[in-house]
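Colleague: Structure provided below as structure tokens; questions to follow.
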Amino acid sequence: MVVEPGMASYASIAELLGAAGAPVGTTDWTTLSQDRIDQFAEATGDHQWIHVDVERAKAGPFGATIAHGYLTLSLCAPFLGELVQVGGISMGINYGIDKARFIAPVPAGSRVRAHGEVVSVTEVPGGAQAVVRLTIELEGSEKPAAVVDTVSRFLA
């Protein structure tokens with residue numbers, strides 16, 4: 001395995017199979033602007049006031065609008081792309097999520113990033129399945145925004 005800043009790079013599926021317990025680095029910071037939150041609301045049809053009504057949210061429980069939990073969750077796809085690379089494969093696919101927890105609200109304008117670790121890797125027909133736990137950090141907060149156990153398949 002080669003570890004570049006922010007990324008774990010495995011030369012092959014065979015090398016990935018030995019990676020359980022390994023850290024996979026830290027992503028760059030990403031800002032969750034109100035515009036991005038509004039775009040997510042439009043795309044999903046989730047226009048709850050806590051996300052999109054800036055004036056009403058000022059008097060709400062967080063003092064500002066917050067990102068949708070599912071918007072935070074959706075960042076796992078690009079974060080994984082920044083953190084894990086496997087060589088010698090025909091494709092990598094998102095196979096799902098074993099567990100996701102939203103620990104702290106993400107106010108509009110906040111920055112988040114992820115760091116990860118390989119929880120497990122198992123052989124599957126045609127390749128390997130990896131569970132990578134992503135802890136999504138919220139800048140300035142002691143608590144993470146979310147902790148997500150992602151499941152990916154890497155096929156030969």
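Each chain in the structure tokens gets a letter, A, B, ..., in the order shown, and its residues are numbered from 1; ligands are numbered from 1 in order too.
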Fewer than 6 positions away in the same chain doesn't count, so skip those; otherwise give me all residues within 6 Å of range 97-105 of chain A, counting only C-alpha atoms, as a PyMOL selection string.

Modeller: chain A and resi 145-151

Colleague: Just want the 9 Å neighbourhood of Ile50 in chain A, counted on only C-alpha atoms, with same-chain residues fewer than 3 positions away dropped. Output as a PyMOL selection string.

Modeller: chain A and resi 47+53-54+56-57+60-62+64-68

Colleague: Looking at only C-alpha atoms, which of A:Ala156, A:Leu32, A:Ile37, A:Leu75 is the one that sits closest to Ile93 in chain A?

Modeller: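 Between A:Ala156, A:Leu32, A:Ile37, A:Leu75, the residue approaching Ile93 in chain A most closely is A:Ala156.
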
Colleague: Please run DSSP on the backbone and report, as a list of chain:residue names, all residues within range 12-67 of chain A that come out as strand (DSSP E).

Modeller: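 Filtering range 12-67 of chain A down to strand (DSSP E) leaves A:Pro23, A:Val24, A:Gly25, A:Thr26, A:Thr30, A:Thr31, A:Leu32.
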
Colleague: Residues of range 11-110 of chain A that approach range 130-133 of chain A to 12 Å or less, counting only C-alpha atoms: could you list each one with the shortest pair of atoms and its distance in Å to one decimal, rows by chain and increasing residue number, as JSON lines?

Modeller:
```
{"residue": "A:Ile13", "atom": "CA", "partner": "A:Ala130", "partner_atom": "CA", "distance": 10.2}
{"residue": "A:Leu16", "atom": "CA", "partner": "A:Ala130", "partner_atom": "CA", "distance": 8.3}
{"residue": "A:Leu17", "atom": "CA", "partner": "A:Ala130", "partner_atom": "CA", "distance": 8.3}
{"residue": "A:Gly18", "atom": "CA", "partner": "A:Ala130", "partner_atom": "CA", "distance": 10.7}
{"residue": "A:Ala19", "atom": "CA", "partner": "A:Ala130", "partner_atom": "CA", "distance": 9.1}
{"residue": "A:Ala20", "atom": "CA", "partner": "A:Ala130", "partner_atom": "CA", "distance": 8.5}
{"residue": "A:Gly21", "atom": "CA", "partner": "A:Val132", "partner_atom": "CA", "distance": 9.4}
{"residue": "A:Ala22", "atom": "CA", "partner": "A:Val132", "partner_atom": "CA", "distance": 9.6}
{"residue": "A:Pro23", "atom": "CA", "partner": "A:Val132", "partner_atom": "CA", "distance": 9.2}
{"residue": "A:Val24", "atom": "CA", "partner": "A:Val132", "partner_atom": "CA", "distance": 8.6}
{"residue": "A:Gly25", "atom": "CA", "partner": "A:Val132", "partner_atom": "CA", "distance": 11.4}
{"residue": "A:Thr26", "atom": "CA", "partner": "A:Arg133", "partner_atom": "CA", "distance": 12.0}
{"residue": "A:Cys76", "atom": "CA", "partner": "A:Arg133", "partner_atom": "CA", "distance": 9.8}
{"residue": "A:Ala77", "atom": "CA", "partner": "A:Val132", "partner_atom": "CA", "distance": 11.4}
{"residue": "A:Phe79", "atom": "CA", "partner": "A:Val132", "partner_atom": "CA", "distance": 11.0}
{"residue": "A:Leu80", "atom": "CA", "partner": "A:Val132", "partner_atom": "CA", "distance": 8.4}
{"residue": "A:Gly81", "atom": "CA", "partner": "A:Val132", "partner_atom": "CA", "distance": 11.8}
{"residue": "A:Leu83", "atom": "CA", "partner": "A:Val132", "partner_atom": "CA", "distance": 9.9}
{"residue": "A:Val84", "atom": "CA", "partner": "A:Val132", "partner_atom": "CA", "distance": 9.2}
{"residue": "A:Gln85", "atom": "CA", "partner": "A:Ala130", "partner_atom": "CA", "distance": 11.9}
{"residue": "A:Val86", "atom": "CA", "partner": "A:Ala130", "partner_atom": "CA", "distance": 11.1}
{"residue": "A:Gly92", "atom": "CA", "partner": "A:Ala130", "partner_atom": "CA", "distance": 10.4}
{"residue": "A:Ile93", "atom": "CA", "partner": "A:Ala130", "partner_atom": "CA", "distance": 10.5}
{"residue": "A:Asn94", "atom": "CA", "partner": "A:Ala130", "partner_atom": "CA", "distance": 10.0}
{"residue": "A:Tyr95", "atom": "CA", "partner": "A:Ala130", "partner_atom": "CA", "distance": 9.4}
{"residue": "A:Gly96", "atom": "CA", "partner": "A:Val131", "partner_atom": "CA", "distance": 9.4}
{"residue": "A:Ile97", "atom": "CA", "partner": "A:Val131", "partner_atom": "CA", "distance": 8.4}
{"residue": "A:Asp98", "atom": "CA", "partner": "A:Val131", "partner_atom": "CA", "distance": 8.1}
{"residue": "A:Lys99", "atom": "CA", "partner": "A:Arg133", "partner_atom": "CA", "distance": 9.1}
{"residue": "A:Ala100", "atom": "CA", "partner": "A:Arg133", "partner_atom": "CA", "distance": 9.4}
{"residue": "A:Arg101", "atom": "CA", "partner": "A:Arg133", "partner_atom": "CA", "distance": 11.2}
```

Colleague: What would the file look like if the residues just selected were written as an mmCIF file, in the first residue's frame with N, CA and C atoms?

Modeller:
```
data_model
loop_
_atom_site.group_PDB
_atom_site.id
_atom_site.type_symbol
_atom_site.label_atom_id
_atom_site.label_comp_id
_atom_site.auth_asym_id
_atom_site.auth_seq_id
_atom_site.Cartn_x
_atom_site.Cartn_y
_atom_site.Cartn_z
ATOM 1 N N ILE A 13 -6.485 -5.715 -5.691
ATOM 2 C CA ILE A 13 -7.491 -6.251 -4.765
ATOM 3 C C ILE A 13 -6.806 -7.097 -3.693
ATOM 4 N N LEU A 16 -5.558 -4.864 -1.094
ATOM 5 C CA LEU A 16 -6.683 -4.330 -0.330
ATOM 6 C C LEU A 16 -7.169 -5.339 0.708
ATOM 7 N N LEU A 17 -7.134 -6.621 0.366
ATOM 8 C CA LEU A 17 -7.633 -7.661 1.278
ATOM 9 C C LEU A 17 -6.891 -7.672 2.613
ATOM 10 N N GLY A 18 -5.691 -7.146 2.655
ATOM 11 C CA GLY A 18 -4.933 -7.103 3.903
ATOM 12 C C GLY A 18 -5.041 -5.777 4.635
ATOM 13 N N ALA A 19 -5.986 -4.935 4.257
ATOM 14 C CA ALA A 19 -6.025 -3.566 4.770
ATOM 15 C C ALA A 19 -6.911 -3.337 5.991
ATOM 16 N N ALA A 20 -7.579 -4.355 6.492
ATOM 17 C CA ALA A 20 -8.474 -4.134 7.639
ATOM 18 C C ALA A 20 -7.718 -3.475 8.782
ATOM 19 N N GLY A 21 -8.312 -2.417 9.324
ATOM 20 C CA GLY A 21 -7.713 -1.680 10.428
ATOM 21 C C GLY A 21 -6.839 -0.520 10.004
ATOM 22 N N ALA A 22 -6.587 -0.388 8.705
ATOM 23 C CA ALA A 22 -5.686 0.665 8.216
ATOM 24 C C ALA A 22 -6.405 2.010 8.086
ATOM 25 N N PRO A 23 -5.729 3.090 8.457
ATOM 26 C CA PRO A 23 -6.288 4.419 8.196
ATOM 27 C C PRO A 23 -6.182 4.733 6.710
ATOM 28 N N VAL A 24 -7.091 5.590 6.211
ATOM 29 C CA VAL A 24 -7.053 5.948 4.795
ATOM 30 C C VAL A 24 -6.928 7.455 4.570
ATOM 31 N N GLY A 25 -6.523 8.195 5.563
ATOM 32 C CA GLY A 25 -6.234 9.610 5.359
ATOM 33 C C GLY A 25 -7.376 10.551 5.678
ATOM 34 N N THR A 26 -7.195 11.789 5.251
ATOM 35 C CA THR A 26 -8.146 12.867 5.510
ATOM 36 C C THR A 26 -8.370 13.656 4.229
ATOM 37 N N CYS A 76 -20.171 11.331 1.244
ATOM 38 C CA CYS A 76 -19.343 10.132 1.380
ATOM 39 C C CYS A 76 -18.804 9.659 0.026
ATOM 40 N N ALA A 77 -19.568 9.799 -1.032
ATOM 41 C CA ALA A 77 -19.107 9.345 -2.351
ATOM 42 C C ALA A 77 -17.853 10.101 -2.793
ATOM 43 N N PHE A 79 -15.875 11.912 -0.930
ATOM 44 C CA PHE A 79 -14.835 11.726 0.085
ATOM 45 C C PHE A 79 -14.117 10.394 -0.117
ATOM 46 N N LEU A 80 -14.862 9.322 -0.393
ATOM 47 C CA LEU A 80 -14.217 8.031 -0.634
ATOM 48 C C LEU A 80 -13.289 8.094 -1.839
ATOM 49 N N GLY A 81 -13.710 8.823 -2.873
ATOM 50 C CA GLY A 81 -12.863 8.984 -4.040
ATOM 51 C C GLY A 81 -11.558 9.692 -3.726
ATOM 52 N N LEU A 83 -10.090 9.381 -0.798
ATOM 53 C CA LEU A 83 -9.370 8.630 0.236
ATOM 54 C C LEU A 83 -8.877 7.246 -0.160
ATOM 55 N N VAL A 84 -9.556 6.583 -1.077
ATOM 56 C CA VAL A 84 -9.217 5.187 -1.383
ATOM 57 C C VAL A 84 -9.090 5.004 -2.885
ATOM 58 N N GLN A 85 -7.969 4.416 -3.293
ATOM 59 C CA GLN A 85 -7.742 4.079 -4.690
ATOM 60 C C GLN A 85 -7.261 2.633 -4.737
ATOM 61 N N VAL A 86 -7.859 1.859 -5.644
ATOM 62 C CA VAL A 86 -7.461 0.460 -5.812
ATOM 63 C C VAL A 86 -7.090 0.258 -7.275
ATOM 64 N N GLY A 92 -15.130 0.204 -9.346
ATOM 65 C CA GLY A 92 -15.494 0.238 -7.944
ATOM 66 C C GLY A 92 -16.927 0.736 -7.869
ATOM 67 N N ILE A 93 -17.730 0.121 -7.010
ATOM 68 C CA ILE A 93 -19.128 0.532 -6.912
ATOM 69 C C ILE A 93 -19.525 0.761 -5.456
ATOM 70 N N ASN A 94 -20.433 1.704 -5.277
ATOM 71 C CA ASN A 94 -21.033 1.947 -3.978
ATOM 72 C C ASN A 94 -22.034 0.823 -3.746
ATOM 73 N N TYR A 95 -21.814 0.036 -2.706
ATOM 74 C CA TYR A 95 -22.680 -1.101 -2.430
ATOM 75 C C TYR A 95 -23.676 -0.799 -1.309
ATOM 76 N N GLY A 96 -23.480 0.322 -0.622
ATOM 77 C CA GLY A 96 -24.436 0.698 0.418
ATOM 78 C C GLY A 96 -23.778 1.229 1.667
ATOM 79 N N ILE A 97 -24.554 1.219 2.726
ATOM 80 C CA ILE A 97 -24.109 1.717 4.023
ATOM 81 C C ILE A 97 -24.555 0.729 5.083
ATOM 82 N N ASP A 98 -23.632 0.352 5.945
ATOM 83 C CA ASP A 98 -24.001 -0.521 7.055
ATOM 84 C C ASP A 98 -24.614 0.271 8.201
ATOM 85 N N LYS A 99 -24.085 1.468 8.457
ATOM 86 C CA LYS A 99 -24.559 2.256 9.585
ATOM 87 C C LYS A 99 -24.216 3.711 9.338
ATOM 88 N N ALA A 100 -25.135 4.589 9.678
ATOM 89 C CA ALA A 100 -24.881 6.027 9.591
ATOM 90 C C ALA A 100 -25.504 6.704 10.803
ATOM 91 N N ARG A 101 -24.751 7.611 11.402
ATOM 92 C CA ARG A 101 -25.251 8.383 12.530
ATOM 93 C C ARG A 101 -24.910 9.843 12.304
#
```

Colleague: Counting only C-alpha atoms, what is within 10 Å of Glu139 in chain A, bar same-chain residues fewer than 3 positions away, as a ChimeraX atom specification?

Modeller: /A:29-31,106,110-113,136,142-145

Colleague: Under the rule that only C-alpha atoms are counted, which of A:Gly109, A:Gly87, A:Gly45, A:Gly6 is the nearest residue to Gly127 in chain A?

Modeller: A:Gly87

Colleague: Calculate how many Å separate CA of Ala59 in chain A from CA of Ser141 in chain A, rounding to one decimal.

Modeller: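 Here the two named atoms are 21.2 Å from each other.
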
Colleague: Go ahead and compute the interatomic distance for CA of Ala11 in chain A and CA of Phe154 in chain A, in Å to one decimal.

Modeller: 12.2 Å

Colleague: Figure out the distance between CA of Ser74 in chain A and CA of Leu155 in chain A, please, to one decimal in Å.

Modeller: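 About the pair CA of Leu155 in chain A and CA of Ser74 in chain A: they are 22.5 Å apart.
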